[in-house]
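Novice: Pasting final_15.pdb below, which is PDB, C-alpha atoms.
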ATOM      1  CA  ILE A 837      10.803  63.148  44.608
ATOM      2  CA  THR A 838      13.363  60.464  43.823
ATOM      3  CA  TYR A 839      11.334  57.909  45.819
ATOM      4  CA  LYS A 840       8.102  58.798  43.993
ATOM      5  CA  PHE A 841       9.879  58.500  40.622
ATOM      6  CA  ARG A 842      11.300  55.095  41.504
ATOM      7  CA  SER A 843       7.887  53.926  42.768
ATOM      8  CA  PHE A 844       6.213  55.035  39.519
ATOM      9  CA  LYS A 845       8.941  53.329  37.480
ATOM     10  CA  MET A 846       8.487  50.058  39.409
ATOM     11  CA  LYS A 847       4.708  50.122  38.937
ATOM     12  CA  LYS A 848       5.230  50.703  35.217
ATOM     13  CA  GLN A 849       7.604  47.717  34.996
ATOM     14  CA  LEU A 850       5.103  45.509  36.855
ATOM     15  CA  LEU A 851       2.333  46.598  34.461
ATOM     16  CA  ILE A 852       4.508  45.818  31.431
ATOM     17  CA  ALA A 853       5.378  42.385  32.889
ATOM     18  CA  ALA A 854       1.683  41.619  33.505
ATOM     19  CA  VAL A 855       0.736  42.570  29.931
ATOM     20  CA  ALA A 856       3.651  40.524  28.542
ATOM     21  CA  ALA A 857       2.560  37.497  30.573
ATOM     22  CA  THR A 858      -0.983  37.793  29.206
ATOM     23  CA  MET A 859       0.302  38.063  25.629
ATOM     24  CA  THR A 860       2.528  35.040  26.168
ATOM     25  CA  SER A 861      -0.462  33.054  27.401
ATOM     26  CA  VAL A 862      -2.449  33.914  24.275
ATOM     27  CA  ALA A 863       0.455  33.111  21.983
ATOM     28  CA  MET A 864       0.890  29.699  23.595
ATOM     29  CA  ALA A 865      -2.759  28.700  23.022
ATOM     30  CA  ASP A 866      -2.867  25.593  20.743
ATOM     31  CA  ILE A 867      -4.802  27.113  17.857
ATOM     32  CA  SER A 868      -3.848  26.667  14.212
ATOM     33  CA  ILE A 869      -5.269  28.070  10.996
ATOM     34  CA  ALA A 870      -4.812  26.460   7.590
ATOM     35  CA  GLY A 871      -6.616  26.791   4.317
ATOM     36  CA  SER A 872      -6.762  26.430   0.579
ATOM     37  CA  ALA A 873      -8.067  28.379  -2.383
ATOM     38  CA  LYS A 874      -8.391  27.874  -6.092
ATOM     39  CA  ALA A 875      -9.610  29.959  -8.997
ATOM     40  CA  ASN A 876     -10.715  28.460 -12.313
ATOM     41  CA  PHE A 877     -11.279  29.803 -15.793
ATOM     42  CA  THR A 878     -13.302  27.278 -17.804
ATOM     43  CA  VAL A 879     -14.181  27.291 -21.491
ATOM     44  CA  VAL A 880     -16.731  24.774 -22.815
ATOM     45  CA  ASP A 881     -17.014  24.330 -26.574
ATOM     46  CA  PHE A 882     -20.091  22.326 -27.614
ATOM     47  CA  GLU A 883     -20.069  20.468 -30.920
ATOM     48  CA  ASP A 884     -23.663  21.253 -31.837
ATOM     49  CA  THR A 885     -25.939  24.278 -31.549
ATOM     50  CA  GLN A 886     -25.486  24.628 -27.796
ATOM     51  CA  VAL A 887     -24.155  28.009 -26.618
ATOM     52  CA  ASN A 888     -20.482  27.847 -25.631
ATOM     53  CA  THR A 889     -19.649  29.037 -22.120
ATOM     54  CA  ASN A 890     -16.813  30.892 -20.400
ATOM     55  CA  THR A 891     -16.913  30.908 -16.605
ATOM     56  CA  ILE A 892     -14.747  32.073 -13.722
ATOM     57  CA  SER A 893     -15.198  30.321 -10.385
ATOM     58  CA  ARG A 894     -13.542  30.017  -6.990
ATOM     59  CA  GLU A 895     -13.383  27.660  -4.016
ATOM     60  CA  MET A 896     -11.964  28.889  -0.711
ATOM     61  CA  ASP A 897     -11.677  27.062   2.611
ATOM     62  CA  LEU A 898     -10.364  28.123   6.000
ATOM     63  CA  PHE A 899      -9.670  25.458   8.634
ATOM     64  CA  ILE A 900      -9.496  26.536  12.276
ATOM     65  CA  THR A 901      -8.270  23.915  14.741
ATOM     66  CA  GLY A 902      -8.065  24.301  18.506
ATOM     67  CA  LYS A 903      -6.570  21.733  20.884
ATOM     68  CA  ASN A 904      -6.620  21.218  24.618
ATOM     69  CA  GLY A 905      -5.131  17.929  25.764
ATOM     70  CA  ASP A 906      -6.931  15.054  24.024
ATOM     71  CA  THR A 907      -9.722  17.330  22.796
ATOM     72  CA  THR A 908      -9.765  18.934  19.351
ATOM     73  CA  VAL A 909     -12.264  21.422  17.931
ATOM     74  CA  VAL A 910     -12.410  21.912  14.154
ATOM     75  CA  MET A 911     -14.312  24.472  12.061
ATOM     76  CA  ASN A 912     -14.207  24.717   8.282
ATOM     77  CA  ILE A 913     -15.413  28.002   6.785
ATOM     78  CA  ALA A 914     -15.996  28.063   3.016
ATOM     79  CA  ASN A 915     -16.708  30.610   0.306
ATOM     80  CA  ASP A 916     -17.444  29.034  -3.076
ATOM     81  CA  THR A 917     -18.894  30.393  -6.299
ATOM     82  CA  LEU A 918     -21.330  27.475  -6.577
ATOM     83  CA  GLY A 919     -22.305  27.508  -2.905
ATOM     84  CA  ALA A 920     -24.408  29.833  -0.783
ATOM     85  CA  ALA A 921     -23.502  33.512  -0.829
ATOM     86  CA  GLY A 922     -21.005  34.724   1.742
ATOM     87  CA  LEU A 923     -19.183  32.597   4.305
ATOM     88  CA  VAL A 924     -20.639  29.186   5.090
ATOM     89  CA  THR A 925     -19.680  26.934   8.008
ATOM     90  CA  GLU A 926     -19.173  23.389   6.747
ATOM     91  CA  ASP A 927     -17.340  20.930   9.021
ATOM     92  CA  SER A 928     -17.681  21.812  12.710
ATOM     93  CA  TYR A 929     -17.031  19.160  15.323
ATOM     94  CA  VAL A 930     -15.463  18.244  18.657
ATOM     95  CA  ALA A 931     -13.214  15.172  18.890
ATOM     96  CA  THR A 932     -11.987  13.789  22.207
ATOM     97  CA  LYS A 933     -11.236  10.603  24.123
ATOM     98  CA  LEU A 934     -13.205   9.046  26.959
ATOM     99  CA  GLY A 935     -10.836   6.401  28.254
ATOM    100  CA  ASP A 936     -10.157   4.061  25.327
ATOM    101  CA  VAL A 937     -13.094   5.375  23.302
ATOM    102  CA  ALA A 938     -12.568   8.091  20.671
ATOM    103  CA  VAL A 939     -15.629  10.326  20.374
ATOM    104  CA  LYS A 940     -16.486  12.804  17.618
ATOM    105  CA  VAL A 941     -19.604  15.020  17.688
ATOM    106  CA  GLY A 942     -20.842  17.644  15.244
ATOM    107  CA  ALA A 943     -21.001  17.917  11.465
ATOM    108  CA  TRP A 944     -18.438  16.666   8.949
ATOM    109  CA  ASP A 945     -18.264  15.366   5.389
ATOM    110  CA  ASN A 946     -18.048  11.586   5.032
ATOM    111  CA  GLY A 947     -15.872  11.903   1.921
ATOM    112  CA  ASN A 948     -16.315  10.841  -1.697
ATOM    113  CA  ASN A 949     -15.788   7.406  -3.146
ATOM    114  CA  ALA A 950     -16.327   5.858  -6.565
ATOM    115  CA  LEU A 951     -19.906   4.756  -5.870
ATOM    116  CA  ARG A 952     -21.744   7.366  -3.824
ATOM    117  CA  ALA A 953     -21.809  11.111  -3.359
ATOM    118  CA  SER A 954     -20.468  12.633  -0.163
ATOM    119  CA  ALA A 955     -22.820  13.920   2.523
ATOM    120  CA  ARG A 956     -22.537  16.207   5.514
ATOM    121  CA  THR A 957     -25.007  15.584   8.324
ATOM    122  CA  ASP A 958     -25.442  17.647  11.473
ATOM    123  CA  ALA A 959     -26.078  16.082  14.918
ATOM    124  CA  HIS A 960     -23.588  13.353  14.019
ATOM    125  CA  LEU A 961     -21.975  11.188  16.698
ATOM    126  CA  ALA A 962     -19.147   8.724  16.084
ATOM    127  CA  ALA A 963     -17.593   6.563  18.806
ATOM    128  CA  SER A 964     -14.809   4.063  18.187
ATOM    129  CA  THR A 965     -12.481   1.780  20.116
ATOM    130  CA  THR A 966     -10.153  -1.133  19.360
ATOM    131  CA  LEU A 967     -10.583  -4.582  20.902
ATOM    132  CA  GLY A 968      -8.283  -7.464  20.012
ATOM    133  CA  GLY A 969      -7.046  -5.742  16.863
ATOM    134  CA  VAL A 970     -10.579  -4.966  15.644
ATOM    135  CA  THR A 971     -11.693  -1.322  15.482
ATOM    136  CA  ILE A 972     -15.385  -0.922  16.287
ATOM    137  CA  THR A 973     -17.083   2.303  15.173
ATOM    138  CA  TYR A 974     -20.625   3.406  15.896
ATOM    139  CA  ASP A 975     -22.162   6.213  13.825
ATOM    140  CA  GLY A 976     -25.342   7.805  15.135
ATOM    141  CA  TYR A 977     -27.549  10.602  13.791
ATOM    142  CA  GLY A 978     -30.015  11.383  16.564
ATOM    143  CA  ASP A 979     -33.494  10.250  15.528
ATOM    144  CA  ALA A 980     -32.353   9.295  11.999
ATOM    145  CA  ALA A 981     -32.853   5.690  10.913
ATOM    146  CA  ASP A 982     -29.424   5.225   9.330
ATOM    147  CA  ASP A 983     -27.248   4.506  12.391
ATOM    148  CA  SER A 984     -24.477   2.013  11.652
ATOM    149  CA  VAL A 985     -21.812  -0.193  13.238
ATOM    150  CA  LYS A 986     -18.495  -0.790  11.465
ATOM    151  CA  LEU A 987     -15.832  -3.427  12.170
ATOM    152  CA  ALA A 988     -12.345  -2.922  10.680
ATOM    153  CA  ALA A 989      -9.170  -4.996  11.001
ATOM    154  CA  ASP A 990      -5.930  -5.905   9.289
ATOM    155  CA  ILE A 991      -5.719  -9.647   8.596
ATOM    156  CA  SER A 992      -2.287 -10.781   7.395
ATOM    157  CA  GLY A 993      -1.755  -7.572   5.415
ATOM    158  CA  VAL A 994      -5.328  -7.372   4.125
ATOM    159  CA  ALA A 995      -7.365  -4.390   5.347
ATOM    160  CA  VAL A 996     -10.993  -5.458   5.823
ATOM    161  CA  SER A 997     -14.009  -3.506   7.008
ATOM    162  CA  TYR A 998     -17.679  -4.385   7.330
ATOM    163  CA  LYS A 999     -20.394  -1.801   8.054
ATOM    164  CA  GLN A1000     -23.913  -2.845   9.006
ATOM    165  CA  LEU A1001     -26.654  -0.339   8.136
ATOM    166  CA  PRO A1002     -30.435  -0.575   8.588
ATOM    167  CA  THR A1003     -30.800  -0.846   4.795
ATOM    168  CA  GLY A1004     -27.851  -3.083   3.946
ATOM    169  CA  GLU A1005     -24.079  -3.388   4.315
ATOM    170  CA  ASP A1006     -20.803  -1.892   3.097
ATOM    171  CA  ILE A1007     -17.795  -4.169   2.492
ATOM    172  CA  ASP A1008     -14.295  -2.760   1.885
ATOM    173  CA  VAL A1009     -11.212  -4.937   1.239
ATOM    174  CA  SER A1010      -7.730  -3.806   0.130
ATOM    175  CA  THR A1011      -4.201  -5.183   0.038
ATOM    176  CA  THR A1012      -0.876  -4.729  -1.731
ATOM    177  CA  VAL A1013       0.912  -7.601  -3.462
ATOM    178  CA  GLY A1014       4.296  -7.096  -5.131
ATOM    179  CA  GLY A1015       3.835  -3.330  -5.218
ATOM    180  CA  VAL A1016       0.368  -3.605  -6.781
ATOM    181  CA  LYS A1017      -2.584  -2.381  -4.706
ATOM    182  CA  VAL A1018      -5.937  -4.104  -5.144
ATOM    183  CA  SER A1019      -9.137  -2.822  -3.538
ATOM    184  CA  TYR A1020     -12.790  -3.844  -3.570
ATOM    185  CA  LEU A1021     -15.732  -1.797  -2.289
ATOM    186  CA  ALA A1022     -19.335  -3.003  -2.268
ATOM    187  CA  LEU A1023     -22.426  -1.072  -1.191
ATOM    188  CA  ASN A1024     -25.017  -3.828  -0.863
ATOM    189  CA  ARG A1025     -28.609  -2.851  -0.119
ATOM    190  CA  ASP A1026     -31.614  -4.921   0.956
ATOM    191  CA  ALA A1027     -33.906  -3.563  -1.764
ATOM    192  CA  ALA A1028     -33.903  -5.693  -4.911
ATOM    193  CA  ASN A1029     -31.345  -4.859  -7.630
ATOM    194  CA  THR A1030     -29.766  -1.894  -5.775
ATOM    195  CA  ASP A1031     -26.188  -3.129  -5.163
ATOM    196  CA  ARG A1032     -23.098  -1.229  -6.344
ATOM    197  CA  SER A1033     -19.444  -2.315  -6.368
ATOM    198  CA  VAL A1034     -16.040  -1.174  -7.624
ATOM    199  CA  VAL A1035     -12.681  -2.925  -8.091
ATOM    200  CA  GLU A1036      -9.489  -0.876  -8.443
ATOM    201  CA  VAL A1037      -5.927  -1.995  -9.245
ATOM    202  CA  SER A1038      -3.014   0.443  -9.085
ATOM    203  CA  GLY A1039       0.774   0.393  -9.217
ATOM    204  CA  SER A1040       3.875   2.100 -10.597
ATOM    205  CA  PHE A1041       5.801   0.674 -13.551
ATOM    206  CA  ASN A1042       8.904   2.260 -15.124
ATOM    207  CA  GLY A1043       8.048   5.680 -13.733
ATOM    208  CA  VAL A1044       4.387   5.589 -14.763
ATOM    209  CA  ASP A1045       1.612   5.404 -12.169
ATOM    210  CA  ILE A1046      -1.243   3.243 -13.479
ATOM    211  CA  LYS A1047      -4.762   2.887 -12.104
ATOM    212  CA  VAL A1048      -7.555   0.728 -13.547
ATOM    213  CA  ALA A1049     -11.058   0.523 -12.086
ATOM    214  CA  GLN A1050     -14.427  -1.024 -12.850
ATOM    215  CA  ALA A1051     -17.621   0.182 -11.137
ATOM    216  CA  ASP A1052     -20.869  -1.783 -11.577
ATOM    217  CA  ALA A1053     -24.449  -0.860 -10.679
ATOM    218  CA  ASP A1054     -27.518  -3.121 -10.573
ATOM    219  CA  SER A1055     -30.608  -2.322 -12.609
ATOM    220  CA  GLY A1056     -32.078  -0.310  -9.739
ATOM    221  CA  ALA A1057     -28.863   1.402  -8.578
ATOM    222  CA  THR A1058     -27.067   4.534  -9.795
ATOM    223  CA  ILE A1059     -23.356   5.346  -9.450
ATOM    224  CA  GLU A1060     -22.975   8.843  -7.968
ATOM    225  CA  GLY A1061     -19.300   8.874  -6.990
ATOM    226  CA  ASP A1062     -16.843  11.732  -7.376
ATOM    227  CA  THR A1063     -13.242  10.490  -7.756
ATOM    228  CA  TRP A1064     -10.584  10.324 -10.452
ATOM    229  CA  MET A1065     -13.007   8.060 -12.369
ATOM    230  CA  GLY A1066     -15.333  11.033 -12.892
ATOM    231  CA  ASP A1067     -17.779  13.353 -11.169
ATOM    232  CA  PHE A1068     -21.171  11.653 -11.340
ATOM    233  CA  GLU A1069     -22.969  13.587  -8.589
ATOM    234  CA  GLY A1070     -26.123  14.383 -10.495
ATOM    235  CA  ASN A1071     -27.260  17.051  -8.045
ATOM    236  CA  THR A1072     -24.022  19.015  -8.377
ATOM    237  CA  SER A1073     -23.607  21.713 -11.025
ATOM    238  CA  GLY A1074     -21.156  20.641 -13.701
ATOM    239  CA  ALA A1075     -21.370  16.932 -12.894
ATOM    240  CA  TYR A1076     -22.262  14.227 -15.407
ATOM    241  CA  ASP A1077     -25.508  12.587 -14.342
ATOM    242  CA  LEU A1078     -25.690   8.788 -14.673
ATOM    243  CA  THR A1079     -28.851   6.684 -14.614
ATOM    244  CA  ALA A1080     -29.637   3.315 -13.056
ATOM    245  CA  ASN A1081     -27.716   0.265 -14.365
ATOM    246  CA  GLN A1082     -24.895   2.291 -15.961
ATOM    247  CA  ASP A1083     -21.375   0.948 -15.330
ATOM    248  CA  VAL A1084     -18.054   2.845 -15.480
ATOM    249  CA  THR A1085     -14.616   1.591 -16.550
ATOM    250  CA  SER A1086     -11.623   3.913 -16.074
ATOM    251  CA  ILE A1087      -7.864   4.004 -16.559
ATOM    252  CA  SER A1088      -5.303   6.606 -15.452
ATOM    253  CA  LEU A1089      -1.675   6.987 -16.568
ATOM    254  CA  LYS A1090       0.478   9.537 -14.723
ATOM    255  CA  THR A1091       4.159  10.453 -15.036
ATOM    256  CA  GLN A1092       6.662  13.312 -14.657
ATOM    257  CA  VAL A1093       7.834  15.299 -17.698
ATOM    258  CA  ALA A1094      10.239  18.278 -17.379
ATOM    259  CA  GLY A1095       9.000  19.221 -13.906
ATOM    260  CA  ASN A1096       5.339  18.777 -14.838
ATOM    261  CA  THR A1097       2.964  16.055 -13.687
ATOM    262  CA  VAL A1098       1.191  14.767 -16.790
ATOM    263  CA  GLU A1099      -1.860  12.511 -16.551
ATOM    264  CA  PHE A1100      -4.191  10.873 -19.056
ATOM    265  CA  ARG A1101      -7.569   9.522 -17.957
ATOM    266  CA  ASN A1102     -10.174   7.614 -19.913
ATOM    267  CA  SER A1103     -13.596   6.711 -18.527
ATOM    268  CA  LYS A1104     -16.148   4.701 -20.466
ATOM    269  CA  ILE A1105     -19.780   4.566 -19.367
ATOM    270  CA  ASP A1106     -21.949   1.655 -20.479
ATOM    271  CA  GLY A1107     -25.190   3.311 -21.408
ATOM    272  CA  VAL A1108     -28.673   1.881 -21.243
ATOM    273  CA  SER A1109     -29.724   0.408 -24.625
ATOM    274  CA  GLY A1110     -26.145   0.697 -25.921
ATOM    275  CA  ALA A1111     -25.933   4.490 -25.607
ATOM    276  CA  ASP A1112     -22.312   4.585 -24.446
ATOM    277  CA  THR A1113     -20.352   7.645 -23.326
ATOM    278  CA  SER A1114     -16.617   8.272 -22.987
ATOM    279  CA  PHE A1115     -14.421  10.901 -21.337
ATOM    280  CA  ASN A1116     -10.796  11.611 -22.267
ATOM    281  CA  LYS A1117      -8.872  13.907 -19.937
ATOM    282  CA  PHE A1118      -5.375  15.360 -20.270
ATOM    283  CA  ILE A1119      -4.130  17.019 -17.073
ATOM    284  CA  VAL A1120      -0.871  18.964 -16.700
ATOM    285  CA  THR A1121       0.096  20.193 -13.216
ATOM    286  CA  ARG A1122       3.066  22.382 -12.317
ATOM    287  CA  PRO A1123       4.094  24.113  -9.061
ATOM    288  CA  LEU A1124       4.996  27.774  -9.591
ATOM    289  CA  ALA A1125       7.647  29.882  -7.864
ATOM    290  CA  ASN A1126       4.987  32.166  -6.341
ATOM    291  CA  GLY A1127       3.654  29.339  -4.140
ATOM    292  CA  THR A1128       0.649  28.428  -6.291
ATOM    293  CA  THR A1129       0.074  25.355  -8.421
ATOM    294  CA  PHE A1130      -1.064  25.722 -12.028
ATOM    295  CA  GLU A1131      -3.199  23.006 -13.572
ATOM    296  CA  ALA A1132      -4.566  22.761 -17.110
ATOM    297  CA  THR A1133      -7.220  20.138 -17.854
ATOM    298  CA  TYR A1134      -8.557  19.341 -21.310
ATOM    299  CA  THR A1135     -11.648  17.129 -21.444
ATOM    300  CA  ASP A1136     -13.241  15.587 -24.522
ATOM    301  CA  LEU A1137     -16.764  14.245 -23.969
ATOM    302  CA  ASP A1138     -18.343  11.907 -26.525
ATOM    303  CA  ASP A1139     -21.919  11.161 -25.474
ATOM    304  CA  LYS A1140     -23.793   8.632 -27.608
ATOM    305  CA  ALA A1141     -26.907   9.098 -25.465
ATOM    306  CA  SER A1142     -27.380  12.774 -26.318
ATOM    307  CA  THR A1143     -27.052  15.155 -29.243
ATOM    308  CA  THR A1144     -26.529  18.193 -27.025
ATOM    309  CA  THR A1145     -23.719  17.302 -24.611
ATOM    310  CA  ASP A1146     -20.735  16.423 -26.846
ATOM    311  CA  SER A1147     -18.118  18.982 -25.910
ATOM    312  CA  SER A1148     -14.486  19.981 -25.408
ATOM    313  CA  THR A1149     -13.568  21.700 -22.157
ATOM    314  CA  LEU A1150     -10.426  23.585 -21.168
ATOM    315  CA  ASP A1151     -10.074  24.342 -17.475
ATOM    316  CA  LEU A1152      -7.208  26.539 -16.194
ATOM    317  CA  GLU A1153      -6.698  26.537 -12.451
ATOM    318  CA  LEU A1154      -4.514  28.337  -9.905
ATOM    319  CA  ALA A1155      -4.497  26.701  -6.479
ATOM    320  CA  VAL A1156      -2.716  27.422  -3.203
ATOM    321  CA  LYS A1157      -2.555  25.847   0.259
ATOM    322  CA  PHE A1158      -1.403  27.611   3.390
TER     323      PHE A1158
END
Could I get this structure in the form of structure tokens?
Specialist:
Amino acid sequence: ITYKFRSFKMKKQLLIAAVAATMTSVAMADISIAGSAKANFTVVDFEDTQVNTNTISREMDLFITGKNGDTTVVMNIANDTLGAAGLVTEDSYVATKLGDVAVKVGAWDNGNNALRASARTDAHLAASTTLGGVTITYDGYGDAADDSVKLAADISGVAVSYKQLPTGEDIDVSTTVGGVKVSYLALNRDAANTDRSVVEVSGSFNGVDIKVAQADADSGATIEGDTWMGDFEGNTSGAYDLTANQDVTSISLKTQVAGNTVEFRNSKIDGVSGADTSFNKFIVTRPLANGTTFEATYTDLDDKASTTTDSSTLDLELAVKF
């Protein structure tokens, strides 16, 4: 009886050890989860006969990242008020290395800038390598006609990139001189009068961060960027829609006051036929003890091109990252 008891006890210990080893293997898998969420309460007060609005909205993102050696798999799952109902898979791609070539395949957002709206394209392939200090990147989209080749390098402290597309070229130049950053971005297209460009200068002086930018569009081009200068993505709900040949001039002043980040932004839009528009934004941001960040944004819109869009907007936001 004693022998049988000891044999049963040993088998039980071996079973526990096997289960523990399996759990340890799972725990050691290189998988990470991060995310962000924000909730907004927005009040829009129109200055004419338009109906005022009060809205509550949300944006939630969950980032799942898995790694195995030089290979990384990323999935971004979103749930937004303005998006499709339920959970939506946004970015989803595999990134790895084949020798000295970095390869990325899948779907991902190419990011916003001051001139064009962002875009997410499936069946996207990017391959890049560095030769003699020059990074060469190829972007392919299957049978699409917008494949591109980009060359990027640092020349004596000046970051320069040139992208050749079937319909034109992108030129990006930036440097910092005496603590002042200067950047230039041009989206030049072969079609007549369809070029866009932006120049931005930024620096910090006596505790105040200052940014000044000027974006220009030809008579057949429209600025559709979404940055601190303004949200001009015309196909996005809540954005301000520009038309061809409208230019944007913006300034931002940001500083710290009693634990709050306080920012003032002004954007002026040169309208067609002198119908100018201006935005004034006051933004106060403060981290809270509960782990969230509170942000209050007041926007005054003066639109000379319309009698129905002049408005004052107060947006209250709670945001968290984890």
Novice: Residues near Lys1117 (chain A), anyone? I mean within 6 Å using all atoms listed in the file, not counting same-chain ones fewer than 2 positions away, as a ChimeraX atom specification.
Specialist: /A:1100-1101,1134-1135
Novice: As a VMD selection string, please: the residues near Ser868 (chain A) (cut-off 7 Å, all atoms listed in the file, same-chain neighbours under 5 positions excluded).
Specialist: chain A and resid 900 to 902
Novice: Which residues are near Thr1030 (chain A)? Cut-off 10 Å, only C-alpha atoms, ignore same chain within fewer than 6 positions. Put them as a list in words.
Specialist: Gly1004, Leu1023, Asn1024, Ala1053, Asp1054, Ser1055, Gly1056, Ala1057, Thr1058, Ala1080 and Asn1081 of chain A
Novice: Could you give me, as number ranges by chain, the residues within 12 Å of Asn1126 (chain A), counting all atoms listed in the file and dropping anything in the same chain fewer than 4 positions from it?
Specialist: A: 1122, 1130, 1154-1157
Novice: Run the PyMOL selection byres ((chain A and resi 1103) around 8) mentally over the shown coordinates, then write out the matched residues as a ChimeraX atom specification, using the chain letters and numbers from the document.
Specialist: /A:1065-1066,1084-1087,1101-1102,1104-1105,1114-1116
Novice: Let's have the selection written as a compact mmCIF listing (two decimals), in the frame of the given file, with C-alpha atoms.
Specialist:
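Just written: again-v5.txt:
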# COMPACT_ATOMS: atom_id res chain seq x y z
CA MET A 1065 -13.01 8.06 -12.37
CA GLY A 1066 -15.33 11.03 -12.89
CA VAL A 1084 -18.05 2.84 -15.48
CA THR A 1085 -14.62 1.59 -16.55
CA SER A 1086 -11.62 3.91 -16.07
CA ILE A 1087 -7.86 4.00 -16.56
CA ARG A 1101 -7.57 9.52 -17.96
CA ASN A 1102 -10.17 7.61 -19.91
CA LYS A 1104 -16.15 4.70 -20.47
CA ILE A 1105 -19.78 4.57 -19.37
CA SER A 1114 -16.62 8.27 -22.99
CA PHE A 1115 -14.42 10.90 -21.34
CA ASN A 1116 -10.80 11.61 -22.27
Novice: One decimal, Å: what's the distance from CA of Ala1051 (chain A) over to CA of Thr1097 (chain A), could you say?
Specialist: 26.1 Å
